[in-house]
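Worksheet: one structure, shown below.
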Amino acid sequence: MKDAIKFGTKCVHAGEKPDPVFGAHTTPIFQTSTFVFENAGQGAARFSGEEAGYVYTRIPPNTPTHSVLAEKVAVLEGGDAGQTFASGMAAITAVVLSRLKQGDHLISTDVVYGCTYSLFREVLPRLGIEVSFIDTSDLAAVKAAFKENTGMVFLETPANPTMTVCDIGEIACMAREHGALSVVDNTFSTPYFQRPLQLGADVSLSSCTKYIGGHADLLGGIVVGSLDFMRSLYPVVGYTGGIMGPHEAWLCIRGLKTLHLRMERHAGNALKVAEFLEAHPKIAWVRYPGLPSHPQHAVAKKQMSGYSGMLSFGILGGVEAGRRLMDSVRLCSLAVSLGATDTLIQHPASMTHACVPLDVRKRVGITDDLVRLSVGVEDAEDIIADLEQALEKV
């Protein structure tokens, strides 16, 4: 039945059933650090893996609350199993550590979230892992980047904050041919608009802090893949301990019940805002995958069913004009992160991507005039009116 029912129904029902002890309709929060065994033999069997069950909240499957969230997202992504984390960065770190070792090579999209870039540029080389940052929208450049020791390809698409799109299916095929794992950060799109595993990727991960939670009130991450990959990930989870709290897992379960509804509104609003900005005389350019003017619009149309709520634009007058704009908004919130119900505006070059060296930012298109907008679920007309009045002050 789970394959026959529609996505929205899966958002509401996947992974969930009434509590078998008391019959609670919603999934309980299992606020516990440890679990009691019936006898010593059961404890030994669970620790050895001979028997499935819960042993200690740091060790997968963590708690029944986490299990419901992991199963729900796995169903939505079309994967075998999932694992929750304390943050998106904890998820990325665990995936990398589960597969790569000293002497291995990682190919990464050149435009990624600032902390992802710093992890790959500063931390992984200290572990003896070589990293190449490649424009993954250029398939020839990706093909040329593979080496004999390439063990992983990490894609972020659409990319944060330039909204660059790369062809997941083509690159996943290249990775398979070279025996490398293909990993996609699906945070911007969510499984509602893009399913990397069904496009051929090995692993899909997301920051639950964003659209999955959906209300800017939690931190979390999730990884989905095959059973074999997830089994290789579990020891890293247990040894490093970067797991999600049970209350955050419960909030994500609640948030996912309306994911399909929210994403339609986010995307519908974002297209209207993008069209408004593209026609405004004070805006130099707009990047939104749903616009025909987007450089990779055809690729986005091929692999995405919708274009989510994220866009970026350049404002005439550069960084000072951008600051005046951001200081003049009334409805939009000047804040980092994304995927909240309200509209968020920020300046990546001085905020989320300030850790990326200036020369790298210029090379990959994170220019000083770039403003990033996470379009919320308010009435689109009100978002546009706020941007319009702020632009009048620029």
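Identifiers for the structure tokens are assigned positionally: chains receive A, B, ... in sequence, residues are indexed from 1 per chain, and ligands are indexed from 1 in the order shown.
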
Leaving out Arg287 of chain A and any residue of its chain fewer than 5 positions from it, which residues lie within 8 Å of it when counting only C-alpha atoms, given as a count of residues only? 8

Show me, as number ranges by chain, the residues that have an atom within 7 Å of Asp135 of chain A when counting only C-alpha atoms, minus same-chain residues fewer than 5 positions from it. A: 109-110, 141

Could you list, as JSON, numbers by chain, every residue within 8 Å of segment 350-357 of chain A, counting only C-alpha atoms and ignoring same-chain residues fewer than 2 positions away? {"A": [113, 114, 115, 117, 118, 336, 346, 347, 348, 359, 360, 361]}

When you look at Leu155 of chain A with a cut-off of 10 Å (counting only C-alpha atoms), what residues show up, excluding the ones that are within fewer than 6 positions of it in the same chain? I need them as a compact mmCIF listing (two decimals) with C-alpha atoms, in the first residue's frame.
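Final output, saved to part_9.txt:
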# COMPACT_ATOMS: atom_id res chain seq x y z
CA ILE A 107 34.40 15.63 -5.32
CA SER A 108 32.10 18.39 -4.05
CA THR A 109 29.85 20.94 -5.68
CA ASP A 110 31.81 24.21 -5.56
CA VAL A 111 28.84 26.17 -4.18
CA VAL A 112 27.68 24.61 -0.92
CA ILE A 134 33.95 21.42 -8.94
CA ASP A 135 31.23 23.27 -10.85
CA THR A 136 28.89 20.28 -10.92
CA SER A 137 26.55 22.01 -13.37
CA VAL A 165 21.35 23.14 -10.41
CA CYS A 166 23.27 20.02 -11.41
CA ASP A 167 22.09 16.85 -13.12
CA ILE A 168 21.78 14.26 -10.34
CA ILE A 171 26.53 12.51 -12.10
CA ALA A 172 25.28 9.53 -10.08
CA SER A 182 26.92 9.72 -4.74
CA VAL A 183 25.44 11.90 -2.00
CA VAL A 184 22.90 14.70 -2.50
CA ASP A 185 22.03 17.47 -0.06
CA ASN A 186 18.28 17.73 -0.73
CA ALA A 201 21.92 8.78 -6.13
CA SER A 204 19.94 11.72 0.17

Set the distance at 12 Å and use only C-alpha atoms: which residues neighbour segment 375-389 of chain A once local chain neighbours fewer than 5 positions away are removed? I'd like the list as JSON, numbers by chain. {"A": [188, 210, 211, 214, 215, 216, 259, 261, 262, 263, 264, 265, 266, 267, 268, 269, 270, 271, 272, 273, 274, 275, 276, 277, 279, 280, 281, 282, 283, 288, 307, 308, 309, 310, 311, 312, 315, 322, 324, 325, 326, 327, 328, 329, 330, 331, 332, 333, 337, 338, 339, 340, 341, 342, 343, 344, 345, 346, 394]}

Rank nothing, just name the residue among A:Glu248, A:Asp228, A:Glu77, A:Glu148 nearest to Arg195 of chain A, using only C-alpha atoms.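 Checking each candidate against Arg195 of chain A, we get A:Glu77 as the closest.
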
List every residue of segment 53-269 of chain A that DSSP, applied to the backbone of this structure, assigns to strand (DSSP E or B), and report them as a ChimeraX atom specification. /A:56,81-85,105-109,130-134,150-156,181-185,203-207,221-225

Can you list every residue in segment 29-267 of chain A that DSSP puts in alpha helix (DSSP H), as a PyMOL selection string? chain A and resi 40-48+64-77+88-99+114-118+139-145+168-177+190-193+196-199+227-240+246-256+259-267

Residue nearest Ser207 of chain A among A:Gly88, A:Pro20, A:Pro158, A:Gly53 (counting only C-alpha atoms):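 Looking at the shortest contact to Ser207 of chain A, the residue is A:Gly88.
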
Could you name the residues that touch segment 3-13 of chain A at 7 Å or less, counting only C-alpha atoms, but leaving out those on the same chain fewer than 3 positions away, as a ChimeraX atom specification? /A:16,76,256-257,259-260

Take atom CA of Asn160 of chain A and atom CA of Gly200 of chain A and report the distance between them in Å, one decimal.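 Atom CA of Asn160 of chain A sits 21.8 Å away from atom CA of Gly200 of chain A.
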
Tell me which of A:Cys252, A:Gly103, A:Leu199, A:Val95 sits closest to Phe154 of chain A, counting only C-alpha atoms.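 Smallest separation from Phe154 of chain A among the options: A:Val95.
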
Nearest to Ser232 of chain A among A:Ala24, A:Ile59, A:Val75, A:Leu97, with distances taken over only C-alpha atoms: which residue is it? A:Leu97

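As for atom CA of Val73 of chain A and atom CA of Ala94 of chain A, they are spaced 17.8 Å apart.
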
Out of A:Gly318, A:Gly169, A:Gly15, A:Gly225, which residue has the shortest atom-to-atom distance to Val203 of chain A when counting only C-alpha atoms? A:Gly225

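The space between atom CA of Phe85 of chain A and atom CA of Arg176 of chain A spans 26.5 Å.
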